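Take a look at the structure below.
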Amino acid sequence: MRIDLIGHEYKYAVEQMLLTLYPEERPQYPGGKPEGERMELRLHRAAKRVTANCAIYRKDAVHRGRASAPVEALRGKLETDRVCQRLLKNAMYRAALREGRRRPAWGALTGVRPGKLMGTLLHEGLAEREALRRFMEEYDVSPERAALCLDTSRETLRAEALLEERDVCLYVGIPFCPTRCAYCSFVSQSVEKSMKLMEPFLEALLRELRAVAAQVRALGLRVISIYMGGGTPTTLTAPMLERLCAALAEEFDLGALREYTVEAGRPDTITEEKLRVLRHRGVDRVSVNPQSMSDAVLETIGRKHSAADIERALELVRGVGGFAVNMDLIAGLPADSVESFAASLERVLALAPENITVHTLSLKKGSRITLEGAALPPPEAVGEMLDLAGERLRAEGYAPYYLYRQKFMSGGFENIGWAKPGTENLYNVCIMEELCSILAMGAGGSTKLVRRDGGRNIRLMAPKYPLEYIQQIETTCKEKQSIQEFYCAWKEKNAWHTN
């Protein structure tokens, strides 16, 4: 689609909304005389108001949308950018609906973290009812989605109240899986193709672990959560898991640790020996992730196991004992239907895990599903799956505690973590709502240094692929010095109290 920007250069915001409303379109900025089918986006600041206007020109019609705010809302560059981008998005949204576009599940919202917006309203001192009204009014979010967001925001506020300034979470990324799933675009390699890389990868990871630990000790940071993800961490052998967990215990002070999570998502990687290693080392949460309990769907997405294998793996976990269990389901998988998704949900509920995460399929560019153009359930069916899941989970005593969205999600819906009371995963809340720094180790690890005083956050990325990570480990370790620089700058501004 040709796009003409007049009075501004907010391309990123425009493209976010374009992706939501016109996922089949790609932006073009040819310049020159505006003509033909196009979208025109104007931003005008007058004495009292700033106004965004959108006009979508088609062959036989013009569809218009408008949004405005008082000039007083433009306080400083950061807030000015936020307000102007929101106005442009809302103007586009209104014009697109007038053209006949389907209303997205989350209205005019495009971001990953809707809870950040709801949280801002609550932090301003608004009562929940008023925050809910403002949220729906400003972003045209449905009452059902807004209520979900409020539910998860309550859990965010509870978690935030218990955090101290030096609290951090650790993430350990293991980029190996038994095989690659059809929907996957994560940085992971199948063990059948990369077995020889596992040992050198672990050696490199232990070097990075020691580099991060040195920073944590020097700064007096407090580790409150460890999350080992991937890939599939339990692809590692039991001795490898022992070495890794032992190094974490030796290098970091884990006296304040509140939870220790390991993704054991693939049942074909779970053994009693590995589970006993993890439990001995203090791991108290694991994931056993079916994605579906339909063997036909599992075969379609390339999972080399059956639903019965999931049940046997869970028996092993319960037999060892001491673990809170999460199980994932994905709404919108190829070969799935509302009926088979409902059957999967009931089978998972019968297993009574402490947490159930319901994802919406995200169509990533590098995944086999996207490349091969697999037939998928329509958005309306995905919506039915999610609504059904919400009703059944609430009826069984689960409550939503974290929520996030991704690009290219089927129907524009969301991912929601559901938990039995008292079993919420703190790491998930902290990373999704940016409540504290996440110090990541491993290939593709994304360290996010969070300023809780509202200052600028910083992200550090490790090389994505195992071989690249191994080859560049010295540089990766040196970059961890940025952790100390970040916190020292925070202290210098008197925002980080030292007593």
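In the structure tokens, each chain is lettered A, B, ... as it comes, each chain's residues begin at 1, and ligands are numbered from 1 in order of appearance.
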
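By chain and then residue number, the residues within 6 Å of segment 468-482 of chain A are Phe201, Ala204, Glu208, Ala211, Ala443, Pro463 and Phe486 of chain A, counting only C-alpha atoms and disregarding those fewer than 4 positions away in sequence.
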
- Task: Using backbone DSSP assignments, extract all strand (DSSP E or B) residues from segment 178-418 of chain A; output them as JSON, numbers by chain.
- Result: {"A": [189, 190, 222, 223, 224, 225, 226, 227, 228, 229, 230, 259, 260, 261, 262, 263, 285, 286, 287, 291, 324, 325, 326, 327, 328, 329, 330, 331, 355, 356, 357, 358, 359, 360, 362, 399, 400, 401, 402, 403, 404, 409, 415, 416, 417, 418]}

request  = Please identify all polymer residues within 8 Å of segment 148-158 of chain A, counting only C-alpha atoms, omitting same-chain residues fewer than 2 positions from it, and present them as a PyMOL selection string.
outcome  = chain A and resi 114-115+118-119+128+132+144-146+160-162+400-403+429-430+433

Can you tell me which residues surround Met432 of chain A at a distance of at most 7 Å, considering only C-alpha atoms, apart from same-chain residues fewer than 4 positions away, and format the answer as a PyMOL selection string? chain A and resi 113+404+428

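The space between atom CA of Ala307 of chain A and atom CA of Asn289 of chain A spans 10.3 Å.
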
Practice prompt. Considering only C-alpha atoms, return as a ChimeraX atom specification whatever protein or nucleic-acid residues lie within 9 Å of Met136 of chain A, sequence-local ones (same chain, fewer than 5 positions apart) excluded.
Written response: /A:107,131,141-143,146

Using N, CA and C atoms, can you write the selected residues to a file as a short mmCIF file (atom, residue, chain, number, x, y, z; two decimals), in the first residue's frame?
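Result file result39.cif:
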data_model
loop_
_atom_site.label_atom_id
_atom_site.label_comp_id
_atom_site.auth_asym_id
_atom_site.auth_seq_id
_atom_site.Cartn_x
_atom_site.Cartn_y
_atom_site.Cartn_z
N GLY A 107 -8.96 -4.21 19.35
CA GLY A 107 -9.26 -2.86 18.90
C GLY A 107 -8.06 -2.19 18.26
N ALA A 131 -10.43 2.95 35.28
CA ALA A 131 -9.32 2.51 34.42
C ALA A 131 -9.85 1.64 33.29
N VAL A 141 -11.08 -1.43 22.89
CA VAL A 141 -10.91 -2.84 23.27
C VAL A 141 -12.25 -3.36 23.77
N SER A 142 -12.57 -4.60 23.43
CA SER A 142 -13.84 -5.18 23.86
C SER A 142 -13.86 -5.33 25.38
N PRO A 143 -15.05 -5.32 25.99
CA PRO A 143 -15.14 -5.50 27.44
C PRO A 143 -14.48 -6.78 27.93
N ALA A 146 -10.63 -6.30 27.78
CA ALA A 146 -10.25 -5.32 28.79
C ALA A 146 -10.30 -5.94 30.18
#

TODO: Select from segment 121-212 of chain A everything DSSP, run on the backbone, classes as alpha helix (DSSP H), then give the selection as JSON, numbers by chain.
DONE: {"A": [121, 122, 123, 128, 129, 130, 131, 132, 133, 134, 135, 136, 137, 138, 139, 143, 144, 145, 146, 147, 148, 149, 150, 151, 152, 153, 154, 155, 156, 157, 158, 159, 160, 161, 191, 192, 193, 194, 195, 196, 197, 198, 199, 200, 201, 202, 203, 204, 205, 206, 207, 208, 209, 210, 211, 212]}

Using only C-alpha atoms, what does the table of segment 77-110 of chain A residues within 9 Å of segment 22-42 of chain A look like, with each row giving the shortest atom pair and its distance in Å to one decimal, sorted by chain and ascending number, as JSON lines?
{"residue": "A:Leu88", "atom": "CA", "partner": "A:Leu41", "partner_atom": "CA", "distance": 7.3}
{"residue": "A:Ala91", "atom": "CA", "partner": "A:Leu41", "partner_atom": "CA", "distance": 8.3}
{"residue": "A:Met92", "atom": "CA", "partner": "A:Leu41", "partner_atom": "CA", "distance": 7.9}
{"residue": "A:Ala96", "atom": "CA", "partner": "A:Tyr22", "partner_atom": "CA", "distance": 8.8}
{"residue": "A:Arg101", "atom": "CA", "partner": "A:Tyr22", "partner_atom": "CA", "distance": 8.3}

Contact residues around Leu316 of chain A with only C-alpha atoms at 9 Å, ignoring same-chain residues under 4 positions, as a list in words = Ile270, Thr271, Glu272, Leu275, Glu311, Arg312, Val320 and Gly321 of chain A

For those residues, write C-alpha atoms to a file as a short mmCIF file (atom, residue, chain, number, x, y, z; two decimals), in the first residue's frame.
data_model
loop_
_atom_site.label_atom_id
_atom_site.label_comp_id
_atom_site.auth_asym_id
_atom_site.auth_seq_id
_atom_site.Cartn_x
_atom_site.Cartn_y
_atom_site.Cartn_z
CA ILE A 270 11.99 -36.30 30.03
CA THR A 271 13.54 -39.09 32.10
CA GLU A 272 13.40 -39.89 35.79
CA LEU A 275 14.01 -34.98 36.88
CA GLU A 311 0.57 -38.41 30.10
CA ARG A 312 3.42 -40.84 30.80
CA VAL A 320 9.55 -37.63 41.48
CA GLY A 321 7.45 -34.96 43.20
#
